[in-house]
Structures are given as C-alpha cells and as structure tokens.
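Asker: Pasting input-v7.txt below, which is compact mmCIF, N, CA and C atoms.
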```
# COMPACT_ATOMS: atom_id res chain seq x y z
N GLU A 1 87.71 53.39 123.53
CA GLU A 1 87.17 53.50 124.88
C GLU A 1 87.75 54.69 125.65
N ILE A 2 88.54 55.51 124.99
CA ILE A 2 89.10 56.68 125.66
C ILE A 2 88.28 57.90 125.25
N PRO A 3 87.66 58.57 126.22
CA PRO A 3 86.85 59.74 125.85
C PRO A 3 87.73 60.89 125.37
N ARG A 4 87.24 61.58 124.39
CA ARG A 4 87.95 62.74 123.85
C ARG A 4 87.00 63.93 123.84
N SER A 5 87.54 65.08 124.14
CA SER A 5 86.73 66.30 124.14
C SER A 5 86.69 66.90 122.74
N LEU A 6 85.73 67.78 122.53
CA LEU A 6 85.66 68.49 121.25
C LEU A 6 86.93 69.29 121.01
N ASP A 7 87.49 69.84 122.08
CA ASP A 7 88.73 70.60 121.94
C ASP A 7 89.86 69.74 121.40
N GLU A 8 89.92 68.49 121.83
CA GLU A 8 90.97 67.59 121.34
C GLU A 8 90.77 67.28 119.87
N PHE A 9 89.51 67.08 119.46
CA PHE A 9 89.25 66.85 118.04
C PHE A 9 89.59 68.09 117.22
N GLU A 10 89.21 69.25 117.73
CA GLU A 10 89.45 70.49 117.00
C GLU A 10 90.94 70.73 116.77
N SER A 11 91.77 70.32 117.75
CA SER A 11 93.20 70.57 117.63
C SER A 11 93.85 69.79 116.49
N VAL A 12 93.22 68.70 116.03
CA VAL A 12 93.79 67.91 114.95
C VAL A 12 92.96 67.93 113.67
N ALA A 13 91.75 68.47 113.77
CA ALA A 13 90.87 68.52 112.60
C ALA A 13 91.13 69.79 111.80
N ARG A 14 90.68 69.77 110.59
CA ARG A 14 90.82 70.96 109.75
C ARG A 14 89.49 71.70 109.62
N ILE A 15 88.63 71.47 110.60
CA ILE A 15 87.36 72.18 110.64
C ILE A 15 87.15 72.73 112.05
N GLU A 16 86.23 73.66 112.17
CA GLU A 16 86.00 74.30 113.45
C GLU A 16 85.18 73.42 114.39
N ARG A 17 85.30 73.73 115.64
CA ARG A 17 84.61 72.99 116.71
C ARG A 17 83.11 72.90 116.46
N ILE A 18 82.50 73.98 116.02
CA ILE A 18 81.05 74.00 115.82
C ILE A 18 80.63 72.99 114.75
N GLU A 19 81.45 72.83 113.72
CA GLU A 19 81.16 71.85 112.68
C GLU A 19 81.29 70.42 113.20
N ILE A 20 82.28 70.19 114.05
CA ILE A 20 82.46 68.86 114.64
C ILE A 20 81.24 68.53 115.50
N ALA A 21 80.83 69.47 116.34
CA ALA A 21 79.68 69.24 117.22
C ALA A 21 78.40 69.01 116.42
N ARG A 22 78.21 69.80 115.39
CA ARG A 22 77.01 69.66 114.55
C ARG A 22 76.99 68.29 113.87
N SER A 23 78.12 67.86 113.36
CA SER A 23 78.21 66.55 112.70
C SER A 23 77.98 65.42 113.69
N TYR A 24 78.52 65.56 114.87
CA TYR A 24 78.34 64.55 115.92
C TYR A 24 76.85 64.40 116.26
N ARG A 25 76.18 65.54 116.48
CA ARG A 25 74.75 65.49 116.81
C ARG A 25 73.94 64.89 115.66
N TYR A 26 74.29 65.24 114.43
CA TYR A 26 73.58 64.71 113.27
C TYR A 26 73.74 63.19 113.19
N LEU A 27 74.98 62.70 113.31
CA LEU A 27 75.21 61.26 113.24
C LEU A 27 74.48 60.52 114.36
N ALA A 28 74.55 61.06 115.57
CA ALA A 28 73.86 60.43 116.70
C ALA A 28 72.37 60.37 116.45
N SER A 29 71.81 61.43 115.88
CA SER A 29 70.38 61.46 115.59
C SER A 29 70.02 60.48 114.49
N GLU A 30 70.76 60.49 113.41
CA GLU A 30 70.48 59.60 112.28
C GLU A 30 70.61 58.12 112.65
N MET A 31 71.57 57.83 113.51
CA MET A 31 71.80 56.44 113.91
C MET A 31 70.97 56.05 115.14
N GLU A 32 70.18 57.02 115.61
CA GLU A 32 69.33 56.82 116.78
C GLU A 32 70.13 56.31 117.99
N LEU A 33 71.28 56.93 118.19
CA LEU A 33 72.14 56.57 119.31
C LEU A 33 71.73 57.36 120.55
N LYS A 34 71.64 56.68 121.66
CA LYS A 34 71.38 57.36 122.92
C LYS A 34 72.75 57.67 123.53
N MET A 35 73.07 58.94 123.57
CA MET A 35 74.39 59.33 124.04
C MET A 35 74.30 59.76 125.50
N GLU A 36 74.97 59.03 126.34
CA GLU A 36 75.03 59.34 127.77
C GLU A 36 76.14 60.35 128.01
N PRO A 37 76.00 61.17 129.05
CA PRO A 37 77.11 62.08 129.39
C PRO A 37 78.36 61.26 129.75
N VAL A 38 79.51 61.81 129.46
CA VAL A 38 80.76 61.12 129.76
C VAL A 38 81.03 61.21 131.26
N ASP A 39 81.41 60.09 131.84
CA ASP A 39 81.74 60.04 133.26
C ASP A 39 83.10 60.72 133.46
N PRO A 40 83.17 61.73 134.33
CA PRO A 40 84.44 62.43 134.54
C PRO A 40 85.58 61.50 135.00
N LYS A 41 85.22 60.40 135.65
CA LYS A 41 86.27 59.47 136.13
C LYS A 41 87.05 58.85 134.99
N ARG A 42 86.48 58.85 133.79
CA ARG A 42 87.19 58.26 132.65
C ARG A 42 88.37 59.11 132.20
N PHE A 43 88.40 60.38 132.61
CA PHE A 43 89.51 61.26 132.24
C PHE A 43 90.65 61.22 133.26
N VAL A 44 90.36 60.78 134.47
CA VAL A 44 91.33 60.86 135.57
C VAL A 44 92.64 60.12 135.27
N PRO A 45 92.62 58.86 134.83
CA PRO A 45 93.91 58.18 134.59
C PRO A 45 94.80 58.90 133.58
N ARG A 46 94.21 59.37 132.49
CA ARG A 46 95.00 60.05 131.46
C ARG A 46 95.58 61.36 131.98
N PHE A 47 94.77 62.15 132.68
CA PHE A 47 95.26 63.42 133.20
C PHE A 47 96.32 63.19 134.27
N CYS A 48 96.11 62.22 135.16
CA CYS A 48 97.11 61.92 136.21
C CYS A 48 98.43 61.47 135.58
N SER A 49 98.33 60.68 134.54
CA SER A 49 99.53 60.22 133.85
C SER A 49 100.31 61.39 133.25
N LYS A 50 99.59 62.30 132.61
CA LYS A 50 100.26 63.47 132.02
C LYS A 50 100.88 64.37 133.08
N LEU A 51 100.27 64.40 134.26
CA LEU A 51 100.77 65.24 135.34
C LEU A 51 101.80 64.51 136.21
N ASP A 52 102.00 63.22 135.91
CA ASP A 52 102.96 62.38 136.64
C ASP A 52 102.57 62.19 138.11
N TYR A 53 101.26 62.01 138.35
CA TYR A 53 100.76 61.72 139.69
C TYR A 53 100.51 60.23 139.82
N GLY A 54 100.83 59.71 140.99
CA GLY A 54 100.70 58.28 141.24
C GLY A 54 99.28 57.83 141.54
N GLY A 55 99.20 56.57 141.92
CA GLY A 55 97.91 55.93 142.18
C GLY A 55 97.15 56.52 143.34
N SER A 56 97.85 57.03 144.36
CA SER A 56 97.14 57.57 145.52
C SER A 56 96.36 58.83 145.16
N VAL A 57 96.94 59.70 144.35
CA VAL A 57 96.23 60.90 143.89
C VAL A 57 95.05 60.49 143.01
N GLN A 58 95.29 59.53 142.15
CA GLN A 58 94.24 59.06 141.25
C GLN A 58 93.07 58.46 142.05
N ARG A 59 93.36 57.64 143.03
CA ARG A 59 92.29 57.04 143.86
C ARG A 59 91.49 58.10 144.60
N THR A 60 92.19 59.07 145.17
CA THR A 60 91.50 60.14 145.89
C THR A 60 90.64 60.96 144.95
N ALA A 61 91.13 61.24 143.76
CA ALA A 61 90.35 61.99 142.77
C ALA A 61 89.07 61.22 142.41
N MET A 62 89.19 59.92 142.26
CA MET A 62 88.02 59.08 141.96
C MET A 62 87.01 59.13 143.11
N GLU A 63 87.50 59.09 144.34
CA GLU A 63 86.61 59.17 145.51
C GLU A 63 85.90 60.51 145.56
N ILE A 64 86.61 61.58 145.23
CA ILE A 64 86.00 62.91 145.20
C ILE A 64 84.90 62.96 144.15
N LEU A 65 85.17 62.40 142.98
CA LEU A 65 84.17 62.39 141.92
C LEU A 65 82.97 61.54 142.29
N ASP A 66 83.21 60.40 142.94
CA ASP A 66 82.09 59.57 143.41
C ASP A 66 81.21 60.34 144.39
N ALA A 67 81.85 61.01 145.34
CA ALA A 67 81.10 61.79 146.34
C ALA A 67 80.34 62.94 145.67
N GLY A 68 80.95 63.56 144.69
CA GLY A 68 80.29 64.66 143.98
C GLY A 68 79.09 64.19 143.19
N GLU A 69 79.19 63.00 142.62
CA GLU A 69 78.07 62.45 141.86
C GLU A 69 76.88 62.16 142.79
N VAL A 70 77.18 61.59 143.94
CA VAL A 70 76.14 61.30 144.93
C VAL A 70 75.51 62.60 145.42
N GLY A 71 76.34 63.63 145.61
CA GLY A 71 75.87 64.92 146.10
C GLY A 71 75.24 65.80 145.03
N GLY A 72 75.20 65.33 143.78
CA GLY A 72 74.58 66.09 142.70
C GLY A 72 75.41 67.24 142.16
N LEU A 73 76.72 67.24 142.42
CA LEU A 73 77.57 68.34 141.95
C LEU A 73 77.92 68.26 140.47
N HIS A 74 77.68 67.12 139.83
CA HIS A 74 78.10 66.94 138.44
C HIS A 74 77.12 67.51 137.44
N SER A 75 75.90 67.72 137.84
CA SER A 75 74.84 68.12 136.92
C SER A 75 75.18 69.42 136.18
N GLY A 76 75.24 69.30 134.86
CA GLY A 76 75.47 70.47 134.02
C GLY A 76 76.90 70.95 133.96
N LYS A 77 77.83 70.20 134.52
CA LYS A 77 79.24 70.63 134.55
C LYS A 77 80.04 69.83 133.52
N SER A 78 81.10 70.45 133.04
CA SER A 78 82.00 69.79 132.09
C SER A 78 82.71 68.62 132.76
N PRO A 79 82.67 67.43 132.16
CA PRO A 79 83.36 66.29 132.77
C PRO A 79 84.88 66.48 132.86
N THR A 80 85.47 67.17 131.88
CA THR A 80 86.92 67.39 131.95
C THR A 80 87.25 68.36 133.07
N GLY A 81 86.43 69.37 133.26
CA GLY A 81 86.63 70.33 134.35
C GLY A 81 86.47 69.67 135.71
N LEU A 82 85.47 68.81 135.85
CA LEU A 82 85.26 68.08 137.10
C LEU A 82 86.46 67.17 137.41
N ALA A 83 86.91 66.45 136.40
CA ALA A 83 88.05 65.54 136.59
C ALA A 83 89.31 66.32 136.96
N ALA A 84 89.55 67.40 136.26
CA ALA A 84 90.75 68.20 136.52
C ALA A 84 90.73 68.77 137.93
N ALA A 85 89.59 69.29 138.36
CA ALA A 85 89.50 69.85 139.70
C ALA A 85 89.66 68.77 140.77
N ALA A 86 89.11 67.59 140.52
CA ALA A 86 89.26 66.49 141.47
C ALA A 86 90.74 66.10 141.61
N ILE A 87 91.45 66.09 140.50
CA ILE A 87 92.88 65.78 140.54
C ILE A 87 93.63 66.87 141.30
N TYR A 88 93.31 68.12 141.02
CA TYR A 88 93.95 69.23 141.72
C TYR A 88 93.70 69.12 143.23
N THR A 89 92.45 68.87 143.61
CA THR A 89 92.07 68.74 145.02
C THR A 89 92.80 67.57 145.67
N ALA A 90 92.82 66.43 144.97
CA ALA A 90 93.49 65.24 145.49
C ALA A 90 95.00 65.46 145.63
N ALA A 91 95.59 66.11 144.65
CA ALA A 91 97.03 66.36 144.68
C ALA A 91 97.39 67.24 145.88
N LEU A 92 96.60 68.26 146.14
CA LEU A 92 96.84 69.11 147.32
C LEU A 92 96.72 68.29 148.60
N ASP A 93 95.75 67.40 148.63
CA ASP A 93 95.54 66.55 149.80
C ASP A 93 96.72 65.61 150.04
N HIS A 94 97.43 65.26 148.99
CA HIS A 94 98.59 64.36 149.09
C HIS A 94 99.90 65.13 149.10
N ASP A 95 99.84 66.38 149.47
CA ASP A 95 101.02 67.24 149.62
C ASP A 95 101.83 67.42 148.34
N GLU A 96 101.16 67.27 147.21
CA GLU A 96 101.79 67.65 145.94
C GLU A 96 101.64 69.16 145.84
N GLU A 97 102.30 69.76 144.90
CA GLU A 97 102.21 71.21 144.74
C GLU A 97 101.80 71.58 143.32
N PRO A 98 100.59 71.17 142.93
CA PRO A 98 100.17 71.51 141.57
C PRO A 98 99.76 72.97 141.49
N THR A 99 99.85 73.53 140.31
CA THR A 99 99.25 74.85 140.10
C THR A 99 97.96 74.62 139.32
N GLN A 100 97.04 75.52 139.50
CA GLN A 100 95.78 75.41 138.76
C GLN A 100 96.04 75.48 137.26
N ASN A 101 97.02 76.28 136.87
CA ASN A 101 97.34 76.41 135.45
C ASN A 101 97.89 75.12 134.86
N GLU A 102 98.74 74.41 135.60
CA GLU A 102 99.29 73.13 135.12
C GLU A 102 98.18 72.13 134.85
N VAL A 103 97.30 71.99 135.83
CA VAL A 103 96.21 71.02 135.70
C VAL A 103 95.25 71.47 134.59
N ALA A 104 94.96 72.75 134.54
CA ALA A 104 94.05 73.27 133.52
C ALA A 104 94.60 73.03 132.11
N GLU A 105 95.90 73.19 131.94
CA GLU A 105 96.51 73.00 130.62
C GLU A 105 96.38 71.54 130.17
N VAL A 106 96.62 70.61 131.07
CA VAL A 106 96.51 69.19 130.72
C VAL A 106 95.08 68.83 130.35
N ALA A 107 94.11 69.38 131.08
CA ALA A 107 92.71 69.05 130.85
C ALA A 107 92.06 69.92 129.78
N ASN A 108 92.79 70.93 129.31
CA ASN A 108 92.28 71.85 128.30
C ASN A 108 91.03 72.59 128.80
N VAL A 109 91.11 73.05 130.04
CA VAL A 109 90.08 73.90 130.63
C VAL A 109 90.78 75.14 131.18
N THR A 110 90.03 76.06 131.74
CA THR A 110 90.65 77.27 132.28
C THR A 110 90.97 77.10 133.77
N ALA A 111 91.88 77.90 134.25
CA ALA A 111 92.21 77.89 135.67
C ALA A 111 91.00 78.32 136.49
N VAL A 112 90.16 79.16 135.94
CA VAL A 112 88.93 79.58 136.63
C VAL A 112 88.01 78.38 136.84
N THR A 113 87.93 77.50 135.85
CA THR A 113 87.13 76.28 135.99
C THR A 113 87.67 75.44 137.14
N ILE A 114 88.99 75.27 137.20
CA ILE A 114 89.61 74.49 138.28
C ILE A 114 89.26 75.14 139.62
N ARG A 115 89.42 76.43 139.70
CA ARG A 115 89.16 77.16 140.94
C ARG A 115 87.71 77.00 141.40
N ASN A 116 86.77 77.15 140.49
CA ASN A 116 85.36 77.03 140.84
C ASN A 116 84.98 75.61 141.26
N ARG A 117 85.42 74.62 140.49
CA ARG A 117 85.10 73.23 140.85
C ARG A 117 85.82 72.82 142.14
N TYR A 118 87.03 73.34 142.35
CA TYR A 118 87.78 73.05 143.58
C TYR A 118 86.99 73.51 144.80
N GLN A 119 86.41 74.70 144.73
CA GLN A 119 85.64 75.22 145.86
C GLN A 119 84.44 74.32 146.16
N GLU A 120 83.86 73.73 145.13
CA GLU A 120 82.74 72.81 145.33
C GLU A 120 83.19 71.46 145.85
N GLN A 121 84.37 71.00 145.42
CA GLN A 121 84.83 69.66 145.76
C GLN A 121 85.60 69.59 147.07
N LYS A 122 86.20 70.69 147.48
CA LYS A 122 87.03 70.69 148.68
C LYS A 122 86.31 70.09 149.89
N PRO A 123 85.04 70.41 150.15
CA PRO A 123 84.36 69.83 151.30
C PRO A 123 84.14 68.31 151.20
N LEU A 124 84.34 67.73 150.01
CA LEU A 124 84.10 66.30 149.82
C LEU A 124 85.27 65.44 150.31
N LEU A 125 86.42 66.05 150.60
CA LEU A 125 87.56 65.29 151.11
C LEU A 125 87.21 64.73 152.49
N LYS A 126 87.54 63.48 152.71
CA LYS A 126 87.24 62.86 154.01
C LYS A 126 88.34 63.12 154.99
```
As structure tokens, how would this structure be written, given the file I've shared?

Answerer:
Amino acid sequence: EIPRSLDEFESVARIERIEIARSYRYLASEMELKMEPVDPKRFVPRFCSKLDYGGSVQRTAMEILDAGEVGGLHSGKSPTGLAAAAIYTAALDHDEEPTQNEVAEVANVTAVTIRNRYQEQKPLLK
C-alpha cells in the first residue's frame, strides 16, 4: 500500500527505468488493470518522516494538496513533486527552515520542481 516511484525501483533494479515502465504498462494492459494516478497525499507521511517534520506540517501539507486538487492544480503534475512542494510550503508556514534541495532529495525530484510547485501552492495557504 506504499506508492513507489519509478526512480525508487530503478535505484534497486538491475534494469533501466524505461524497461521498468514498459513492463509495468505491458502487465497492466495484459491484466486489464485500470490504473489510477497516484494521490500525492500518499507520499506525504513518508517524506515528512524522512525530513523529521511533525504532524502539524503533515496536516498542513495535506490541506494544501486537498485545495490544489479542488483548484485543478494536480492535472498532469508529478505526484511526488506535488507532495514535496506541499511539504516545503507547509514547513515554511510552520517556521521550519527547509531548503528546496533537502526536500527535493527526499522526494527524488529537482529543486526546480519544488520551486515551481511552491509558486502554485503558496496562494493555497489559509
């Protein structure tokens, strides 16, 4: 029940990311599985734990993601990038001092992704 990114699989597999993705799509097709996009909120607890952020940051990140989903900000965006940016935004709101690089490293995304999603999510803070 824990979502994993292709990057996480690639880091432990002995094959390239493209082969993992191709095999995944083939299996899903052959088994006629309807694959829904991964909800970014499913990544928040794991990322917060790795960053040593408490429940208040986690709750605020979830609220940001809920508001973004309602506002249509999630469409076509990486769920790990959305989750990471929500955590970064929430941590700043709770007077933590995260760096974009720290959060990006935990989520295995780029600091540019954090920066771009942060600009979209910042107005969602209540």

Asker: Need the neighbours of (90.5, 73.2, 132.4): which residues are at most 7 Å away, counting only N, CA and C atoms, as a PyMOL selection string?

Answerer: chain A and resi 80-81+84+103-114

Asker: Which residues come within 8 Å of Thr89 in chain A, counting only N, CA and C atoms, excluding same-chain residues fewer than 6 positions away, as a PyMOL selection string?

Answerer: chain A and resi 57+60-61+83+117-118+121-122+125

Asker: Keeping N, CA and C atoms for every residue in the selection just given, could you write it to a file as a PDB file, in the coordinates of the input?

Answerer:
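Writing the result to again.pdb gives the following:
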```pdb
ATOM      1  N   VAL A  57      96.940  59.700 144.350  1.00  0.00           N
ATOM      2  CA  VAL A  57      96.230  60.900 143.890  1.00  0.00           C
ATOM      3  C   VAL A  57      95.050  60.490 143.010  1.00  0.00           C
ATOM      4  N   THR A  60      92.190  59.070 145.170  1.00  0.00           N
ATOM      5  CA  THR A  60      91.500  60.140 145.890  1.00  0.00           C
ATOM      6  C   THR A  60      90.640  60.960 144.950  1.00  0.00           C
ATOM      7  N   ALA A  61      91.130  61.240 143.760  1.00  0.00           N
ATOM      8  CA  ALA A  61      90.350  61.990 142.770  1.00  0.00           C
ATOM      9  C   ALA A  61      89.070  61.220 142.410  1.00  0.00           C
ATOM     10  N   ALA A  83      86.910  66.450 136.400  1.00  0.00           N
ATOM     11  CA  ALA A  83      88.050  65.540 136.590  1.00  0.00           C
ATOM     12  C   ALA A  83      89.310  66.320 136.960  1.00  0.00           C
ATOM     13  N   ARG A 117      85.420  74.620 140.490  1.00  0.00           N
ATOM     14  CA  ARG A 117      85.100  73.230 140.850  1.00  0.00           C
ATOM     15  C   ARG A 117      85.820  72.820 142.140  1.00  0.00           C
ATOM     16  N   TYR A 118      87.030  73.340 142.350  1.00  0.00           N
ATOM     17  CA  TYR A 118      87.780  73.050 143.580  1.00  0.00           C
ATOM     18  C   TYR A 118      86.990  73.510 144.800  1.00  0.00           C
ATOM     19  N   GLN A 121      84.370  71.000 145.420  1.00  0.00           N
ATOM     20  CA  GLN A 121      84.830  69.660 145.760  1.00  0.00           C
ATOM     21  C   GLN A 121      85.600  69.590 147.070  1.00  0.00           C
ATOM     22  N   LYS A 122      86.200  70.690 147.480  1.00  0.00           N
ATOM     23  CA  LYS A 122      87.030  70.690 148.680  1.00  0.00           C
ATOM     24  C   LYS A 122      86.310  70.090 149.890  1.00  0.00           C
ATOM     25  N   LEU A 125      86.420  66.050 150.600  1.00  0.00           N
ATOM     26  CA  LEU A 125      87.560  65.290 151.110  1.00  0.00           C
ATOM     27  C   LEU A 125      87.210  64.730 152.490  1.00  0.00           C
TER      28      LEU A 125
END
```

Asker: Hey, can you pull every residue with an atom no more than 6.5 Å from (94.1, 63.2, 144.7), using only N, CA and C atoms, and send it as a list in words?

Answerer: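 Residues close enough to count: Ser56, Val57, Gln58, Arg59, Thr60, Ala61, Met62, Ala86, Ile87, Tyr88, Thr89, Ala90, Ala91, Leu92, Asp93 and His94 of chain A.
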
Asker: Measuring between only C-alpha atoms, which one of A:Glu10, A:Asp66, A:Glu102, A:Ile20 shows the shortest distance to Lys50 in chain A?

Answerer: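 Answer, going by the shortest atom-to-atom distance: A:Glu102.
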
Asker: Between CA of Phe47 in chain A and CA of Tyr24 in chain A, what is the distance, to one decimal in Å?

Answerer: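 Computing the Euclidean distance for CA of Phe47 in chain A and CA of Tyr24 in chain A yields 24.2 Å.
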
Asker: For the atom pair atom N of Glu69 in chain A and atom N of Phe43 in chain A, what is the interatomic distance in Å to one decimal place?

Answerer: 13.9 Å

Asker: Report the residues of chain A whose backbone DSSP state falls under helix (DSSP H, G or I), written as number ranges by chain.

Answerer: A: 6-12, 17-30, 40-42, 44-51, 55-70, 79-93, 100-107, 111-124

Asker: Grab the CA of Leu6 in chain A to CA of Leu124 in chain A distance for me, in Å with one decimal place.

Answerer: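 Between CA of Leu6 in chain A and CA of Leu124 in chain A the gap works out to 28.7 Å.
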
Asker: Env of Pro79 in chain A: 10 Å cut, atoms = only C-alpha atoms, seq-sep filter 3 positions within chain, self excluded. Answer as a list in words.

Answerer: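 Near Pro79 in chain A, the qualifying residues are Ser5, Pro37, Val38, Asp39, Pro40, Lys41, Arg42, Phe43, Leu65, His74, Ser75, Gly76, Leu82, Ala83, Ala84, Ala85 and Ala107 of chain A.
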